[in-house]
file final-v5.pdb (PDB, C-alpha atoms and all ligand atoms)
MODEL        1
ATOM      1  CA  MET A   1       0.000   0.000   0.000
ATOM      2  CA  ASP A   2       1.190   3.526  -0.812
ATOM      3  CA  TYR A   3       1.093   6.132   1.925
ATOM      4  CA  LYS A   4       1.418   9.720   0.775
ATOM      5  CA  PHE A   5       4.240  11.587   2.573
ATOM      6  CA  LEU A   6       5.570   8.357   4.148
ATOM      7  CA  ASP A   7       8.599   6.365   2.973
ATOM      8  CA  ILE A   8       8.753   2.870   4.406
ATOM      9  CA  SER A   9      11.673   0.478   4.324
ATOM     10  CA  LEU A  10      12.366  -2.824   6.031
ATOM     11  CA  VAL A  11      15.696  -3.848   7.508
ATOM     12  CA  SER A  12      15.427  -7.356   8.938
ATOM     13  CA  THR A  13      12.725  -7.104  11.646
ATOM     14  CA  SER A  14      12.746  -3.277  11.782
ATOM     15  CA  ALA A  15      10.492  -0.980   9.783
ATOM     16  CA  ILE A  16      11.875   2.493   9.101
ATOM     17  CA  VAL A  17       9.049   5.001   8.686
ATOM     18  CA  LYS A  18      10.215   8.315   7.286
ATOM     19  CA  ILE A  19       7.842  11.276   7.216
ATOM     20  CA  ASN A  20       8.607  12.924   3.905
ATOM     21  CA  ARG A  21       7.306  16.426   3.365
ATOM     22  CA  VAL A  22      10.677  18.115   3.302
ATOM     23  CA  GLU A  23       9.526  21.434   1.824
ATOM     24  CA  LYS A  24       7.322  21.996   4.912
ATOM     25  CA  LEU A  25       9.860  20.557   7.362
ATOM     26  CA  ASN A  26       7.699  17.391   7.560
ATOM     27  CA  ALA A  27       4.843  19.305   9.258
ATOM     28  CA  LEU A  28       1.944  16.984  10.081
ATOM     29  CA  ASN A  29      -1.177  17.656   8.042
ATOM     30  CA  GLY A  30      -4.370  15.631   8.502
ATOM     31  CA  GLU A  31      -3.453  13.297   5.650
ATOM     32  CA  ILE A  32      -0.090  12.385   7.199
ATOM     33  CA  ILE A  33      -1.723  11.718  10.565
ATOM     34  CA  ASN A  34      -4.365   9.477   8.914
ATOM     35  CA  ASN A  35      -1.696   7.648   6.933
ATOM     36  CA  LEU A  36       0.529   7.156   9.978
ATOM     37  CA  LEU A  37      -2.394   5.642  11.877
ATOM     38  CA  MET A  38      -3.259   3.320   8.967
ATOM     39  CA  LEU A  39       0.390   2.323   8.619
ATOM     40  CA  PHE A  40       0.771   1.595  12.348
ATOM     41  CA  GLU A  41      -2.418  -0.498  12.232
ATOM     42  CA  ASN A  42      -0.925  -2.542   9.383
ATOM     43  CA  ILE A  43       2.446  -2.857  11.097
ATOM     44  CA  GLU A  44       0.676  -4.129  14.218
ATOM     45  CA  GLU A  45      -0.628  -7.089  12.167
ATOM     46  CA  ASP A  46       2.799  -7.853  10.669
ATOM     47  CA  LYS A  47       4.367 -10.639  12.703
ATOM     48  CA  ASN A  48       7.801 -10.078  11.129
ATOM     49  CA  ILE A  49       8.205  -6.543  12.462
ATOM     50  CA  LYS A  50       9.421  -6.081  16.024
ATOM     51  CA  VAL A  51      10.741  -2.512  15.997
ATOM     52  CA  VAL A  52       9.569   0.630  14.220
ATOM     53  CA  ILE A  53      11.963   3.520  13.682
ATOM     54  CA  LEU A  54      10.249   6.848  13.127
ATOM     55  CA  THR A  55      12.245   9.606  11.467
ATOM     56  CA  GLY A  56      11.933  12.615   9.182
ATOM     57  CA  ALA A  57      13.171  13.155   5.635
ATOM     58  CA  GLY A  58      15.982  15.634   4.973
ATOM     59  CA  ASP A  59      18.567  16.871   7.416
ATOM     60  CA  LYS A  60      16.655  19.748   8.976
ATOM     61  CA  ALA A  61      13.572  18.370  10.656
ATOM     62  CA  PHE A  62      12.063  15.322  12.280
ATOM     63  CA  VAL A  63       8.664  17.064  12.281
ATOM     64  CA  ALA A  64       8.311  20.858  12.745
ATOM     65  CA  GLY A  65       4.851  20.482  14.284
ATOM     66  CA  ALA A  66       1.276  20.172  13.192
ATOM     67  CA  ASP A  67       0.573  22.036   9.953
ATOM     68  CA  ILE A  68      -0.069  25.652  10.911
ATOM     69  CA  TYR A  69      -1.528  26.440   7.457
ATOM     70  CA  GLU A  70      -4.117  23.694   7.965
ATOM     71  CA  MET A  71      -4.888  24.709  11.553
ATOM     72  CA  ALA A  72      -5.115  28.467  11.015
ATOM     73  CA  ASN A  73      -8.815  28.543  10.062
ATOM     74  CA  LEU A  74     -10.202  25.659  12.102
ATOM     75  CA  ASN A  75     -13.294  26.289  14.184
ATOM     76  CA  THR A  76     -13.675  24.838  17.686
ATOM     77  CA  ILE A  77     -15.264  21.573  16.546
ATOM     78  CA  GLU A  78     -12.708  21.047  13.778
ATOM     79  CA  ALA A  79      -9.857  21.825  16.207
ATOM     80  CA  TYR A  80     -11.237  19.242  18.642
ATOM     81  CA  GLN A  81     -11.412  16.662  15.834
ATOM     82  CA  PHE A  82      -7.855  17.515  14.770
ATOM     83  CA  ALA A  83      -6.562  17.107  18.345
ATOM     84  CA  LYS A  84      -8.417  13.774  18.645
ATOM     85  CA  LYS A  85      -6.936  12.557  15.364
ATOM     86  CA  GLY A  86      -3.439  13.309  16.677
ATOM     87  CA  THR A  87      -4.019  11.847  20.128
ATOM     88  CA  ASN A  88      -5.559   8.693  18.617
ATOM     89  CA  LEU A  89      -2.364   8.167  16.648
ATOM     90  CA  LEU A  90      -0.200   8.742  19.710
ATOM     91  CA  LYS A  91      -2.365   6.429  21.828
ATOM     92  CA  PHE A  92      -2.045   3.740  19.170
ATOM     93  CA  ILE A  93       1.764   4.075  19.263
ATOM     94  CA  ASP A  94       1.670   3.938  23.064
ATOM     95  CA  ASN A  95      -0.420   0.751  23.042
ATOM     96  CA  SER A  96       1.367  -0.891  20.118
ATOM     97  CA  THR A  97       3.024  -4.218  20.868
ATOM     98  CA  LYS A  98       5.965  -3.097  18.696
ATOM     99  CA  ILE A  99       8.908  -1.218  20.152
ATOM    100  CA  ILE A 100       8.947   2.290  18.657
ATOM    101  CA  ILE A 101      12.130   4.354  18.422
ATOM    102  CA  SER A 102      12.131   8.016  17.375
ATOM    103  CA  ALA A 103      15.286   8.887  15.447
ATOM    104  CA  VAL A 104      15.162  12.674  15.682
ATOM    105  CA  ASN A 105      17.086  14.381  12.889
ATOM    106  CA  GLY A 106      16.525  18.120  13.447
ATOM    107  CA  TYR A 107      13.486  20.078  14.627
ATOM    108  CA  ALA A 108      10.956  18.161  16.728
ATOM    109  CA  LEU A 109       8.539  20.942  17.587
ATOM    110  CA  GLY A 110       4.940  20.970  18.813
ATOM    111  CA  GLY A 111       3.199  17.924  17.327
ATOM    112  CA  GLY A 112       6.639  16.695  16.232
ATOM    113  CA  PHE A 113       7.931  16.739  19.815
ATOM    114  CA  GLU A 114       4.702  15.014  20.867
ATOM    115  CA  LEU A 115       5.233  12.320  18.220
ATOM    116  CA  ALA A 116       8.856  11.830  19.341
ATOM    117  CA  LEU A 117       7.711  11.566  22.974
ATOM    118  CA  ALA A 118       5.105   8.921  22.113
ATOM    119  CA  ALA A 119       7.913   6.525  21.182
ATOM    120  CA  ASP A 120       9.567   4.154  23.648
ATOM    121  CA  ILE A 121      13.089   5.409  23.024
ATOM    122  CA  ILE A 122      14.464   8.638  21.513
ATOM    123  CA  ILE A 123      17.805   8.734  19.679
ATOM    124  CA  ALA A 124      18.753  12.257  18.602
ATOM    125  CA  SER A 125      21.221  13.565  16.094
ATOM    126  CA  LYS A 126      23.489  16.373  17.355
ATOM    127  CA  ASN A 127      21.413  18.952  15.450
ATOM    128  CA  ALA A 128      18.088  17.863  17.008
ATOM    129  CA  LYS A 129      15.988  20.584  18.608
ATOM    130  CA  PHE A 130      12.930  20.066  20.778
ATOM    131  CA  GLY A 131      10.254  22.451  21.944
ATOM    132  CA  PHE A 132       6.634  23.393  22.343
ATOM    133  CA  PRO A 133       6.155  26.736  20.544
ATOM    134  CA  GLU A 134       2.337  26.443  20.758
ATOM    135  CA  VAL A 135       1.853  29.344  23.203
ATOM    136  CA  THR A 136       3.648  31.599  20.693
ATOM    137  CA  LEU A 137       0.745  30.741  18.330
ATOM    138  CA  GLY A 138      -1.949  31.360  20.946
ATOM    139  CA  ILE A 139      -2.664  27.657  21.527
ATOM    140  CA  ILE A 140      -1.420  24.803  23.717
ATOM    141  CA  PRO A 141       0.086  21.440  22.753
ATOM    142  CA  GLY A 142      -2.797  19.343  21.443
ATOM    143  CA  PHE A 143      -1.345  15.878  20.805
ATOM    144  CA  GLY A 144      -0.582  14.934  24.422
ATOM    145  CA  GLY A 145       2.268  17.334  25.216
ATOM    146  CA  THR A 146       0.716  18.675  28.426
ATOM    147  CA  GLN A 147       0.297  15.075  29.623
ATOM    148  CA  ASN A 148       3.457  13.339  28.420
ATOM    149  CA  LEU A 149       6.081  16.033  29.112
ATOM    150  CA  PRO A 150       5.180  16.376  32.841
ATOM    151  CA  ARG A 151       5.244  12.579  33.104
ATOM    152  CA  ALA A 152       8.739  12.605  31.590
ATOM    153  CA  LEU A 153      10.176  15.645  33.399
ATOM    154  CA  GLY A 154       7.905  16.402  36.332
ATOM    155  CA  PRO A 155       5.576  19.427  36.336
ATOM    156  CA  TYR A 156       8.084  22.236  36.994
ATOM    157  CA  LEU A 157      10.418  21.706  34.045
ATOM    158  CA  ALA A 158       7.515  20.758  31.778
ATOM    159  CA  LYS A 159       5.680  23.967  32.676
ATOM    160  CA  GLU A 160       8.786  26.081  32.077
ATOM    161  CA  LEU A 161       9.225  24.595  28.594
ATOM    162  CA  ILE A 162       5.539  24.782  27.674
ATOM    163  CA  PHE A 163       4.987  28.296  29.115
ATOM    164  CA  SER A 164       8.122  29.769  27.521
ATOM    165  CA  GLY A 165       8.005  27.936  24.183
ATOM    166  CA  ARG A 166      11.803  27.686  24.563
ATOM    167  CA  ILE A 167      13.521  25.385  22.090
ATOM    168  CA  ILE A 168      16.204  23.145  23.575
ATOM    169  CA  ASP A 169      19.091  21.464  21.801
ATOM    170  CA  SER A 170      19.970  17.765  21.845
ATOM    171  CA  LEU A 171      22.441  18.134  24.723
ATOM    172  CA  GLU A 172      19.927  19.850  26.993
ATOM    173  CA  ALA A 173      17.300  17.241  26.055
ATOM    174  CA  PHE A 174      19.819  14.503  26.881
ATOM    175  CA  ASN A 175      20.680  16.115  30.216
ATOM    176  CA  LEU A 176      16.960  16.334  31.050
ATOM    177  CA  GLY A 177      16.579  12.608  30.355
ATOM    178  CA  LEU A 178      14.380  13.093  27.271
ATOM    179  CA  VAL A 179      16.887  11.586  24.879
ATOM    180  CA  ASN A 180      18.589   8.190  25.249
ATOM    181  CA  LYS A 181      21.598   8.972  23.087
ATOM    182  CA  ILE A 182      23.045  11.730  20.903
ATOM    183  CA  VAL A 183      24.764  10.716  17.673
ATOM    184  CA  GLU A 184      26.352  12.311  14.605
ATOM    185  CA  PRO A 185      23.628  13.142  12.050
ATOM    186  CA  ASP A 186      25.069  10.823   9.381
ATOM    187  CA  LYS A 187      25.145   7.902  11.846
ATOM    188  CA  LEU A 188      21.602   8.359  13.182
ATOM    189  CA  ILE A 189      19.856   5.575  11.285
ATOM    190  CA  ASP A 190      22.748   3.090  11.494
ATOM    191  CA  ILE A 191      23.106   3.507  15.264
ATOM    192  CA  THR A 192      19.337   3.327  15.734
ATOM    193  CA  LEU A 193      19.253   0.142  13.636
ATOM    194  CA  GLU A 194      22.019  -1.367  15.796
ATOM    195  CA  LEU A 195      19.881  -0.748  18.881
ATOM    196  CA  ALA A 196      16.821  -2.133  17.063
ATOM    197  CA  LYS A 197      18.801  -5.286  16.215
ATOM    198  CA  LYS A 198      19.872  -5.743  19.846
ATOM    199  CA  ILE A 199      16.265  -5.291  21.014
ATOM    200  CA  SER A 200      14.926  -7.620  18.296
ATOM    201  CA  SER A 201      17.235 -10.443  19.391
ATOM    202  CA  ASN A 202      15.072 -10.781  22.512
ATOM    203  CA  GLY A 203      11.720 -12.529  22.776
ATOM    204  CA  PHE A 204       9.057 -10.333  21.202
ATOM    205  CA  LEU A 205       6.345 -11.390  23.655
ATOM    206  CA  ALA A 206       8.609 -10.394  26.541
ATOM    207  CA  LEU A 207       9.432  -7.053  24.899
ATOM    208  CA  SER A 208       5.752  -6.252  24.391
ATOM    209  CA  ALA A 209       4.894  -7.302  27.938
ATOM    210  CA  ALA A 210       7.686  -5.120  29.359
ATOM    211  CA  LYS A 211       6.425  -2.150  27.336
ATOM    212  CA  GLU A 212       2.835  -2.773  28.405
ATOM    213  CA  SER A 213       3.828  -3.098  32.050
ATOM    214  CA  ILE A 214       5.891   0.114  32.058
ATOM    215  CA  ASN A 215       3.295   2.180  30.170
ATOM    216  CA  ASN A 216       0.418   0.890  32.275
ATOM    217  CA  GLY A 217       2.380   1.489  35.476
ATOM    218  CA  LEU A 218       2.886   5.154  34.587
ATOM    219  CA  ASN A 219      -0.874   5.674  34.554
ATOM    220  CA  VAL A 220      -1.944   3.845  37.720
ATOM    221  CA  GLY A 221      -0.943   3.683  41.397
ATOM    222  CA  LYS A 222       2.114   1.600  42.392
ATOM    223  CA  ASN A 223       0.175  -1.320  43.888
ATOM    224  CA  GLU A 224      -2.011  -1.610  40.810
ATOM    225  CA  GLY A 225       1.116  -1.415  38.663
ATOM    226  CA  LEU A 226       2.802  -4.170  40.670
ATOM    227  CA  ASN A 227      -0.257  -6.418  40.264
ATOM    228  CA  TYR A 228      -0.304  -5.711  36.551
ATOM    229  CA  GLU A 229       3.383  -6.648  36.339
ATOM    230  CA  SER A 230       2.854  -9.912  38.284
ATOM    231  CA  ASN A 231       0.050 -10.917  35.908
ATOM    232  CA  LEU A 232       2.104 -10.216  32.785
ATOM    233  CA  PHE A 233       5.102 -11.999  34.341
ATOM    234  CA  ALA A 234       2.932 -15.046  35.037
ATOM    235  CA  LYS A 235       1.342 -14.951  31.564
ATOM    236  CA  LEU A 236       4.776 -15.264  29.940
ATOM    237  CA  PHE A 237       5.205 -18.654  31.633
ATOM    238  CA  SER A 238       2.578 -20.036  29.268
ATOM    239  CA  THR A 239       4.722 -19.149  26.240
ATOM    240  CA  ASN A 240       7.242 -21.230  24.285
ATOM    241  CA  ASP A 241       9.645 -18.281  24.412
ATOM    242  CA  GLN A 242       9.920 -18.511  28.203
ATOM    243  CA  LYS A 243      10.586 -22.249  27.971
ATOM    244  CA  GLU A 244      13.134 -21.758  25.186
ATOM    245  CA  GLY A 245      14.830 -18.758  26.912
ATOM    246  CA  MET A 246      15.385 -20.630  30.169
ATOM    247  CA  LYS A 247      16.224 -23.955  28.512
ATOM    248  CA  ALA A 248      18.839 -22.206  26.351
ATOM    249  CA  PHE A 249      20.385 -20.636  29.470
ATOM    250  CA  LEU A 250      20.592 -24.023  31.171
ATOM    251  CA  GLU A 251      22.051 -25.609  28.019
ATOM    252  CA  LYS A 252      24.558 -22.714  27.663
ATOM    253  CA  ARG A 253      23.425 -21.752  24.157
ATOM    254  CA  LYS A 254      21.670 -18.802  22.490
ATOM    255  CA  PRO A 255      17.874 -18.937  22.605
ATOM    256  CA  GLU A 256      15.850 -19.191  19.421
ATOM    257  CA  PHE A 257      12.696 -17.253  20.133
ATOM    258  CA  LYS A 258       9.668 -18.045  17.973
ATOM    259  CA  ASN A 259       7.452 -15.295  19.392
ATOM    260  CA  MET A 260       4.889 -17.726  20.654
TER     261      MET A 260
HETATM  262  N1  LIG B   1       3.297  24.015   9.708
HETATM  263  C1  LIG B   1       3.274  24.327   8.397
HETATM  264  N2  LIG B   1       4.366  24.711   7.716
HETATM  265  C2  LIG B   1       5.527  24.722   8.376
HETATM  266  C3  LIG B   1       5.646  24.395   9.739
HETATM  267  C4  LIG B   1       4.455  24.015  10.410
HETATM  268  N3  LIG B   1       4.453  23.646  11.679
HETATM  269  N4  LIG B   1       6.932  24.526  10.108
HETATM  270  C5  LIG B   1       7.600  24.917   9.025
HETATM  271  N5  LIG B   1       6.770  25.050   7.958
HETATM  272  C6  LIG B   1       7.080  25.439   6.609
HETATM  273  C7  LIG B   1       7.313  26.950   6.479
HETATM  274  O1  LIG B   1       6.096  27.647   6.384
HETATM  275  C8  LIG B   1       8.134  27.005   5.231
HETATM  276  O2  LIG B   1       7.271  26.862   4.118
HETATM  277  P1  LIG B   1       7.227  28.004   2.957
HETATM  278  O3  LIG B   1       8.628  28.010   2.434
HETATM  279  O4  LIG B   1       6.211  27.474   1.993
HETATM  280  O5  LIG B   1       6.862  29.262   3.645
HETATM  281  C9  LIG B   1       8.979  25.755   5.293
HETATM  282  O6  LIG B   1       8.310  24.882   6.188
HETATM  283  C10 LIG B   1      10.379  26.002   5.821
HETATM  284  O7  LIG B   1      10.257  26.664   7.081
HETATM  285  P2  LIG B   1      11.033  28.020   7.446
HETATM  286  O8  LIG B   1      11.303  28.821   6.207
HETATM  287  O9  LIG B   1      10.274  28.693   8.541
HETATM  288  O10 LIG B   1      12.430  27.431   7.985
HETATM  289  P3  LIG B   1      13.389  28.094   9.047
HETATM  290  O11 LIG B   1      14.628  27.286   9.021
HETATM  291  O12 LIG B   1      13.504  29.557   8.823
HETATM  292  O13 LIG B   1      12.666  27.898  10.465
HETATM  293  C11 LIG B   1      11.453  26.673  12.149
HETATM  294  C12 LIG B   1      12.483  26.612  10.979
HETATM  295  C13 LIG B   1      12.070  27.412  13.332
HETATM  296  C14 LIG B   1      11.173  25.216  12.528
HETATM  297  C15 LIG B   1      10.169  27.380  11.668
HETATM  298  O14 LIG B   1       9.765  26.804  10.450
HETATM  299  C16 LIG B   1       9.041  27.295  12.620
HETATM  300  O15 LIG B   1       9.031  28.016  13.605
HETATM  301  N6  LIG B   1       8.026  26.426  12.345
HETATM  302  C17 LIG B   1       6.847  26.307  13.151
HETATM  303  C18 LIG B   1       7.132  25.497  14.405
HETATM  304  C19 LIG B   1       5.890  25.418  15.271
HETATM  305  O16 LIG B   1       5.380  26.405  15.740
HETATM  306  N7  LIG B   1       5.410  24.178  15.528
HETATM  307  C20 LIG B   1       4.278  23.923  16.352
HETATM  308  C21 LIG B   1       3.034  23.930  15.525
HETATM  309  S1  LIG B   1       1.573  23.879  16.525
HETATM  310  C22 LIG B   1       1.351  22.261  16.952
HETATM  311  O17 LIG B   1       2.157  21.397  16.623
HETATM  312  C23 LIG B   1       0.120  21.993  17.752
HETATM  313  C24 LIG B   1       0.018  20.644  18.345
HETATM  314  O18 LIG B   1       0.481  20.372  19.445
HETATM  315  C25 LIG B   1      -0.725  19.603  17.679
ENDMDL
END
call {"tool": "encode", "arguments": {"input": "final-v5.pdb", "output": "structure tokens", "more": "lines below"}}
Ligand code: CAA
result
Amino acid sequence: MDYKFLDISLVSTSAIVKINRVEKLNALNGEIINNLLMLFENIEEDKNIKVVILTGAGDKAFVAGADIYEMANLNTIEAYQFAKKGTNLLKFIDNSTKIIISAVNGYALGGGFELALAADIIIASKNAKFGFPEVTLGIIPGFGGTQNLPRALGPYLAKELIFSGRIIDSLEAFNLGLVNKIVEPDKLIDITLELAKKISSNGFLALSAAKESINNGLNVGKNEGLNYESNLFAKLFSTNDQKEGMKAFLEKRKPEFKNM
């Protein structure tokens, strides 16, 4: 299937999804958001894919935000629908069984920062820049920024960044714990693929369960989170992968996970 503004390639068990609207710094219009959601739904069904790498085309931007031209004349109902469209995509990424890595190659602003934050891991090139300029446009982040940034940084730092609209560079984002690693721009995809390969060598059911447990735990109280973890832990003992993983350890060999 062809997705307008999206380039998709497969490297082993990783899908690289590149948002390609270079002339508008990969700004997210409604069509891109719809296509991303459709693509993620299809990827979810694809048993061969374990990791998805999200990145932007060109060397200047990951995504410079939601499309301001498209938003400029929205009325209240249309703006609500637009925000819902974006949050539905980000919720889908959050709940996906696949491991999602944002490879941020330049500006990740507004909706672009929100998209990067929806991933499980963020690898940034040295020239990456993050920020929420929404208040400079008379609006607030609408694709989860006011919810996800405080969860990542705590309310004080998140409020400073959202209230000021200040754009931070990759080093500051790394020091704040928003970015896992900073790399040279021309090594971004290769280094991200290396990480994807390392992750993919592990049992997919265990990876998905770990993601589910962490994400669920961030939204509930600790006791509820601990119960959730115990249940997922127990559930994995009904899988072949658990049997194979432990048998391989005992037989001093590498496991061969079948994702079942
Ligand atoms: N929407 C639509 N078009 C955008 C865009 C956006 N978010 N960001 C950049 N573009 C377009 C520009 O209009 C320009 O197109 P034209 O040549 O046709 O005018 C092209 O991309 C290149 O941009 P610039 O010439 O501005 O490039 P620059 O290097 O001078 O500046 C920038 C780069 C600082 C990122 C600047 O483009 C910018 O400030 N962009 C807007 C960033 C922003 O405010 N993002 C948040 C949007 S609101 C949002 O995302 C809400 C939400 O939470 C859902």
call {"tool": "residues_around", "arguments": {"input": "final-v5.pdb", "residues": "range 209-225 of chain A", "least_positions_apart": "3", "cutoff": "8 Å", "atoms": "all atoms listed in the file", "output": "MDAnalysis selection string"}}
result
chainID A and resid 94:95 97 99 120 151 205:206 228:229 232:233
call {"tool": "closest_residue", "arguments": {"input": "final-v5.pdb", "among": "A:Asn88, A:Asn202, A:Asn48, A:Ser164", "to": "Thr13 in chain A", "atoms": "all atoms listed in the file"}}
result
A:Asn48
call {"tool": "atom_distance", "arguments": {"input": "final-v5.pdb", "atom1": "atom O15 of ligand LIG 1 (chain B)", "atom2": "CA of Ile191 in chain A"}}
result
28.3 Å
call {"tool": "closest_residue", "arguments": {"input": "final-v5.pdb", "among": "A:Met38, A:Leu153, A:Ile53, A:Ala27", "to": "Gly110 in chain A", "atoms": "only C-alpha atoms"}}
result
A:Ala27
call {"tool": "residues_near_ligand", "arguments": {"input": "final-v5.pdb", "ligand": "ligand LIG 1 (chain B)", "cutoff": "9 Å", "atoms": "all atoms listed in the file", "output": "ChimeraX atom specification"}}
result
/A:21-29,60-61,63-71,82-83,86-87,106-114,131-137,139-145,165
call {"tool": "write_last_selection", "arguments": {"input": "final-v5.pdb", "atoms": "C-alpha atoms", "output": "compact mmCIF listing (two decimals), in the coordinates of the input"}}
result
# COMPACT_ATOMS: atom_id res chain seq x y z
CA ARG A 21 7.31 16.43 3.36
CA VAL A 22 10.68 18.11 3.30
CA GLU A 23 9.53 21.43 1.82
CA LYS A 24 7.32 22.00 4.91
CA LEU A 25 9.86 20.56 7.36
CA ASN A 26 7.70 17.39 7.56
CA ALA A 27 4.84 19.30 9.26
CA LEU A 28 1.94 16.98 10.08
CA ASN A 29 -1.18 17.66 8.04
CA LYS A 60 16.66 19.75 8.98
CA ALA A 61 13.57 18.37 10.66
CA VAL A 63 8.66 17.06 12.28
CA ALA A 64 8.31 20.86 12.74
CA GLY A 65 4.85 20.48 14.28
CA ALA A 66 1.28 20.17 13.19
CA ASP A 67 0.57 22.04 9.95
CA ILE A 68 -0.07 25.65 10.91
CA TYR A 69 -1.53 26.44 7.46
CA GLU A 70 -4.12 23.69 7.96
CA MET A 71 -4.89 24.71 11.55
CA PHE A 82 -7.86 17.52 14.77
CA ALA A 83 -6.56 17.11 18.34
CA GLY A 86 -3.44 13.31 16.68
CA THR A 87 -4.02 11.85 20.13
CA GLY A 106 16.52 18.12 13.45
CA TYR A 107 13.49 20.08 14.63
CA ALA A 108 10.96 18.16 16.73
CA LEU A 109 8.54 20.94 17.59
CA GLY A 110 4.94 20.97 18.81
CA GLY A 111 3.20 17.92 17.33
CA GLY A 112 6.64 16.70 16.23
CA PHE A 113 7.93 16.74 19.82
CA GLU A 114 4.70 15.01 20.87
CA GLY A 131 10.25 22.45 21.94
CA PHE A 132 6.63 23.39 22.34
CA PRO A 133 6.16 26.74 20.54
CA GLU A 134 2.34 26.44 20.76
CA VAL A 135 1.85 29.34 23.20
CA THR A 136 3.65 31.60 20.69
CA LEU A 137 0.74 30.74 18.33
CA ILE A 139 -2.66 27.66 21.53
CA ILE A 140 -1.42 24.80 23.72
CA PRO A 141 0.09 21.44 22.75
CA GLY A 142 -2.80 19.34 21.44
CA PHE A 143 -1.34 15.88 20.80
CA GLY A 144 -0.58 14.93 24.42
CA GLY A 145 2.27 17.33 25.22
CA GLY A 165 8.01 27.94 24.18
call {"tool": "axis_aligned_box", "arguments": {"input": "final-v5.pdb", "around": "range 158-169 of chain A", "padding_each_side": "8 Å", "output": "JSON"}}
result
{"center_x": 12.0, "center_y": 25.3, "center_z": 27.2, "size_x": 30.1, "size_y": 25.0, "size_z": 26.9}
call {"tool": "atom_distance", "arguments": {"input": "final-v5.pdb", "atom1": "CA of Leu207 in chain A", "atom2": "CA of Phe249 in chain A"}}
result
18.0 Å
call {"tool": "closest_residue", "arguments": {"input": "final-v5.pdb", "among": "A:Ala79, A:Leu54, A:Leu36, A:Val104", "to": "Val183 in chain A", "atoms": "only C-alpha atoms"}}
result
A:Val104
call {"tool": "atom_distance", "arguments": {"input": "final-v5.pdb", "atom1": "CA of Ser170 in chain A", "atom2": "CA of Leu39 in chain A"}}
result
28.2 Å
call {"tool": "closest_residue", "arguments": {"input": "final-v5.pdb", "among": "A:Ile100, A:Glu45, A:Asp59, A:Leu6", "to": "Leu193 in chain A", "atoms": "all atoms listed in the file"}}
result
A:Ile100
call {"tool": "closest_residue", "arguments": {"input": "final-v5.pdb", "among": "A:Asn42, A:Ile77, A:Gln147, A:Ala72", "to": "Ser96 in chain A", "atoms": "only C-alpha atoms"}}
result
A:Asn42
call {"tool": "closest_residue", "arguments": {"input": "final-v5.pdb", "among": "A:Leu178, A:Leu161, A:Val52, A:Met260", "to": "Glu244 in chain A", "atoms": "all atoms listed in the file"}}
result
A:Met260
call {"tool": "resolve_selection", "arguments": {"input": "final-v5.pdb", "expression": "the PyMOL selection byres (((chain A and resi 125) around 6) and not hetatm)", "output": "number ranges by chain"}}
result
A: 105, 124, 126-128, 182-185, 188
call {"tool": "residues_around", "arguments": {"input": "final-v5.pdb", "residues": "Ile49 in chain A", "least_positions_apart": "4", "cutoff": "7 Å", "atoms": "all atoms listed in the file", "output": "PyMOL selection string"}}
result
chain A and resi 13-15+43
call {"tool": "residues_around", "arguments": {"input": "final-v5.pdb", "residues": "Lys181 in chain A", "least_positions_apart": "5", "cutoff": "8 Å", "atoms": "all atoms listed in the file", "output": "PDB file with C-alpha atoms, keeping the file's coordinate frame"}}
result
ATOM      1  CA  ILE A 122      14.464   8.638  21.513  1.00  0.00           C
ATOM      2  CA  ILE A 123      17.805   8.734  19.679  1.00  0.00           C
ATOM      3  CA  ALA A 124      18.753  12.257  18.602  1.00  0.00           C
ATOM      4  CA  PHE A 174      19.819  14.503  26.881  1.00  0.00           C
TER       5      PHE A 174
END
